[in-house]
Amino acid sequence: MTHGRVLRIAVPIVLANATIPILGLVDTGVVGQMGEAAPIGAVGVGAVVLAAVYWIFGFLRMGTTGLVAQAAGARDPAETGAILTRALMIAGLAGITLIALQGPLAWAAFRLAPASDAVEGLARAYLEIRIWGAPATIALYAVTGWLIATERTRGVLGLQLWINGLNIGLDLWFVLGLGWGVQGVAAATLVAEWTGLVLGLWLCRAAFAGAAWRDWARVLDPVRLRRMVAVNTDIMIRSVLLQGSIVSFVFMGAGFGDVALAANQVLLQFLHVAAYALDGFAFAAEALVGQAVGAGQVARLRRAGRLASLWG
C-alpha cells in the first residue's frame with residue numbers, strides 16, 4: 001500500500017469529477033444566453049430535484065464499491081460479477097418506478113419549492129424529458145462503483161469525459177443551434193446518459209466474462225442479498241439526509257424569486273467543484289479499505305485509511 005497506489009486511483013476520479021460541475025456551468029451558461037432568469041432557475045430546480053431523487057440510490061455506487069472490493073480482496077471474481085448483476089437489477093427496477101411516479105414526484109417537488117409560473121412550467125418540461133434517463137443514471141452508479149472497486153478508475157475518467165463531453169456538445173447544438181431552450185438541455189442529458197450506460201457496461205465487460213453474473217442461484221442468494229441490503233440501507237439514510245440539506249438551498253431560494261434562485265444555482269456550482277474533487281480520495285479509501293477487509297489484513301486496512309485521509 002503506497003502513496004502512488006492511492007494517487008493512481010484518486011487522480012483519475014478527481015479529473016473525472018471535475019467535469020461534472022463544468023457541465024453544470026455550461027448548462028447554466030447556455031440557458032443564460034436566452035437573456036432571462038426563469039430558464040436558469042428552471043434548469044436549476046429540475047436538475048436538483050432529479051439529483052436529489054437519484055442520489056437516494058447513490059448507495060448502489062458506494063455499496064457496490066465496498067462489496068466488490070471485498071470480493072476482490074478475498075479473490076472471489078465470480079462474486080464481483082454477481083454483485084454487479086444484483087446492483088443493475090435494483091437500478092433497473094428503481095428507474096422504472098421513478099418513470100411511473102413522475103407525476104407525483106413533480107407535484108411534490110413544486111409543493112416543497114413553490115416557484116413562479118414561468119419557472120415551474122419550464123422545470124416541468126425539463127423533468128418530463130430527463131426522467132426517461134432514470135434507469136441509465138441509476139445503473140451508472142453501479143457501473144462506476146464496480147470500476148472503482150477493481151481500480152479501473154481510468155475507465156471512470158473516460159466514461160465521465162464521454163458523458164459530459166457529449167452532453168456539452170449537444171447542449172450547444174440543441175439550445176444555441178436549434179433553439180430548443182430548456183428542453184434542449186434536458187434532451188442533451190438524456191442522450192448522454194443512455195450512451196454512457198452502454199459505454200460503462202463495455203468497460204465492465206470483465207464482470208461478464210464468466211457465467212457467475214447470470215448464475216441466478218448465486219445472484220439471488222438470500223444471504224448475499226440480506227448483506228447487500230444491510231450495507232446499503234445505512235448508506236441510503238445518509239444520502240437522504242445529505243441531499244435534504246443541499247436541496248433546501250434551492251427550495252428556499254425559489255421563495256425569494258427568480259433572480260435569487262438563479263444566483264443560488266450559480267453559487268452551488270462552486271461548492272460542487274470542491275466536493276467532487278475531494279471525492280477522489282474518498283473513492284480510493286473505499287476501494288483499498290474494502291480490499292483489505294476482504295483479504296482480512298488489518299494493518300493494510302489501517303494504512304489505506306491513513307494514506308487516503310492524508311491526501312484528502
# chains A, B, ... in the order shown; residues from 1 in each chain; ligands from 1

$ residues_around --residues "region 108-125 of chain A" --least-positions-apart "5" --cutoff "6 Å" --atoms "only C-alpha atoms" --output "VMD selection string"
chain A and resid 38 42 46 251 254

$ write_last_selection --atoms "C-alpha atoms" --output "mmCIF file, in the first residue's frame"
data_model
loop_
_atom_site.group_PDB
_atom_site.id
_atom_site.type_symbol
_atom_site.label_atom_id
_atom_site.label_comp_id
_atom_site.auth_asym_id
_atom_site.auth_seq_id
_atom_site.Cartn_x
_atom_site.Cartn_y
_atom_site.Cartn_z
ATOM 1 C CA ALA A 38 -36.556 31.892 -15.452
ATOM 2 C CA ALA A 42 -35.914 26.082 -14.185
ATOM 3 C CA GLY A 46 -35.182 20.446 -12.373
ATOM 4 C CA PHE A 251 -36.136 25.182 -2.399
ATOM 5 C CA ALA A 254 -37.209 29.637 -5.024
#

$ atom_distance --atom1 "CA of Val293 (chain A)" --atom2 "CA of Ala207 (chain A)"
20.7 Å

$ atom_distance --atom1 "CA of Ala72 (chain A)" --atom2 "CA of Arg238 (chain A)"
25.6 Å

$ residues_around --residues "Gln265 (chain A)" --least-positions-apart "3" --cutoff "10 Å" --atoms "only C-alpha atoms" --output "list of chain:residue names"
A:Gly24, A:Leu25, A:Thr28, A:Ile40, A:Gly41, A:Ala42, A:Val43, A:Gly44, A:Val45, A:Ala47, A:Val48, A:Phe249, A:Val250, A:Gly253, A:Val259, A:Ala260, A:Leu261, A:Ala262, A:Leu268, A:Gln269, A:Phe270

$ closest_atom_pairs --of "region 110-223 of chain A" --to "region 4-20 of chain A" --cutoff "9 Å" --atoms "only C-alpha atoms" --output "JSON lines"
{"residue": "A:Ile148", "atom": "CA", "partner": "A:Ile9", "partner_atom": "CA", "distance": 7.6}
{"residue": "A:Glu151", "atom": "CA", "partner": "A:Ile9", "partner_atom": "CA", "distance": 6.1}
{"residue": "A:Arg152", "atom": "CA", "partner": "A:Ile9", "partner_atom": "CA", "distance": 7.6}
{"residue": "A:Thr153", "atom": "CA", "partner": "A:Ile9", "partner_atom": "CA", "distance": 5.7}
{"residue": "A:Arg154", "atom": "CA", "partner": "A:Pro12", "partner_atom": "CA", "distance": 5.6}
{"residue": "A:Gly155", "atom": "CA", "partner": "A:Pro12", "partner_atom": "CA", "distance": 8.6}
{"residue": "A:Val156", "atom": "CA", "partner": "A:Ile13", "partner_atom": "CA", "distance": 6.9}
{"residue": "A:Leu157", "atom": "CA", "partner": "A:Ala16", "partner_atom": "CA", "distance": 4.5}
{"residue": "A:Gly158", "atom": "CA", "partner": "A:Ala16", "partner_atom": "CA", "distance": 7.6}
{"residue": "A:Leu159", "atom": "CA", "partner": "A:Ala16", "partner_atom": "CA", "distance": 8.2}
{"residue": "A:Gln160", "atom": "CA", "partner": "A:Ala16", "partner_atom": "CA", "distance": 5.6}
{"residue": "A:Leu161", "atom": "CA", "partner": "A:Ala16", "partner_atom": "CA", "distance": 6.7}
{"residue": "A:Asn164", "atom": "CA", "partner": "A:Thr19", "partner_atom": "CA", "distance": 6.6}
{"residue": "A:Gly165", "atom": "CA", "partner": "A:Thr19", "partner_atom": "CA", "distance": 8.4}

$ write_last_selection --atoms "C-alpha atoms" --output "mmCIF file, in the first residue's frame"
data_model
loop_
_atom_site.group_PDB
_atom_site.id
_atom_site.type_symbol
_atom_site.label_atom_id
_atom_site.label_comp_id
_atom_site.auth_asym_id
_atom_site.auth_seq_id
_atom_site.Cartn_x
_atom_site.Cartn_y
_atom_site.Cartn_z
ATOM 1 C CA ILE A 148 -13.616 1.945 -8.686
ATOM 2 C CA GLU A 151 -9.118 0.056 -9.521
ATOM 3 C CA ARG A 152 -10.158 0.773 -13.105
ATOM 4 C CA THR A 153 -10.503 4.475 -12.408
ATOM 5 C CA ARG A 154 -9.096 5.472 -15.789
ATOM 6 C CA GLY A 155 -12.234 3.851 -17.150
ATOM 7 C CA VAL A 156 -14.299 6.090 -14.865
ATOM 8 C CA LEU A 157 -12.435 9.112 -16.243
ATOM 9 C CA GLY A 158 -13.083 8.024 -19.819
ATOM 10 C CA LEU A 159 -16.746 7.396 -19.025
ATOM 11 C CA GLN A 160 -17.240 10.827 -17.463
ATOM 12 C CA LEU A 161 -15.410 12.559 -20.292
ATOM 13 C CA ASN A 164 -20.125 15.188 -20.053
ATOM 14 C CA GLY A 165 -18.362 15.982 -23.316
#

$ residues_around --residues "Ala285 (chain A)" --least-positions-apart "6" --cutoff "7 Å" --atoms "only C-alpha atoms" --output "list in words"
Ala304, Gly305 and Ala308 of chain A

$ residues_around --residues "Thr85 (chain A)" --least-positions-apart "4" --cutoff "7 Å" --atoms "only C-alpha atoms" --output "list of chain:residue names"
A:Gly81, A:Met89, A:Trp213

$ write_last_selection --atoms "C-alpha atoms" --output "short mmCIF file (atom, residue, chain, number, x, y, z; two decimals), in the first residue's frame"
data_model
loop_
_atom_site.label_atom_id
_atom_site.label_comp_id
_atom_site.auth_asym_id
_atom_site.auth_seq_id
_atom_site.Cartn_x
_atom_site.Cartn_y
_atom_site.Cartn_z
CA GLY A 81 -19.77 -10.20 -11.33
CA MET A 89 -31.30 -5.24 -11.34
CA TRP A 213 -23.03 -12.86 -13.39
#

$ residues_around --residues "Gly294 (chain A)" --least-positions-apart "4" --cutoff "10 Å" --atoms "only C-alpha atoms" --output "VMD selection string"
chain A and resid 66 to 76 288 to 290 301

$ closest_residue --among "A:Leu172, A:Leu278, A:Val143, A:Ala188" --to "Arg130 (chain A)" --atoms "only C-alpha atoms"
A:Ala188

$ residues_around --residues "region 224-227 of chain A" --least-positions-apart "5" --cutoff "9 Å" --atoms "only C-alpha atoms" --output "list in words"
Ile83, Arg86, Arg218, Val219 and Asn232 of chain A
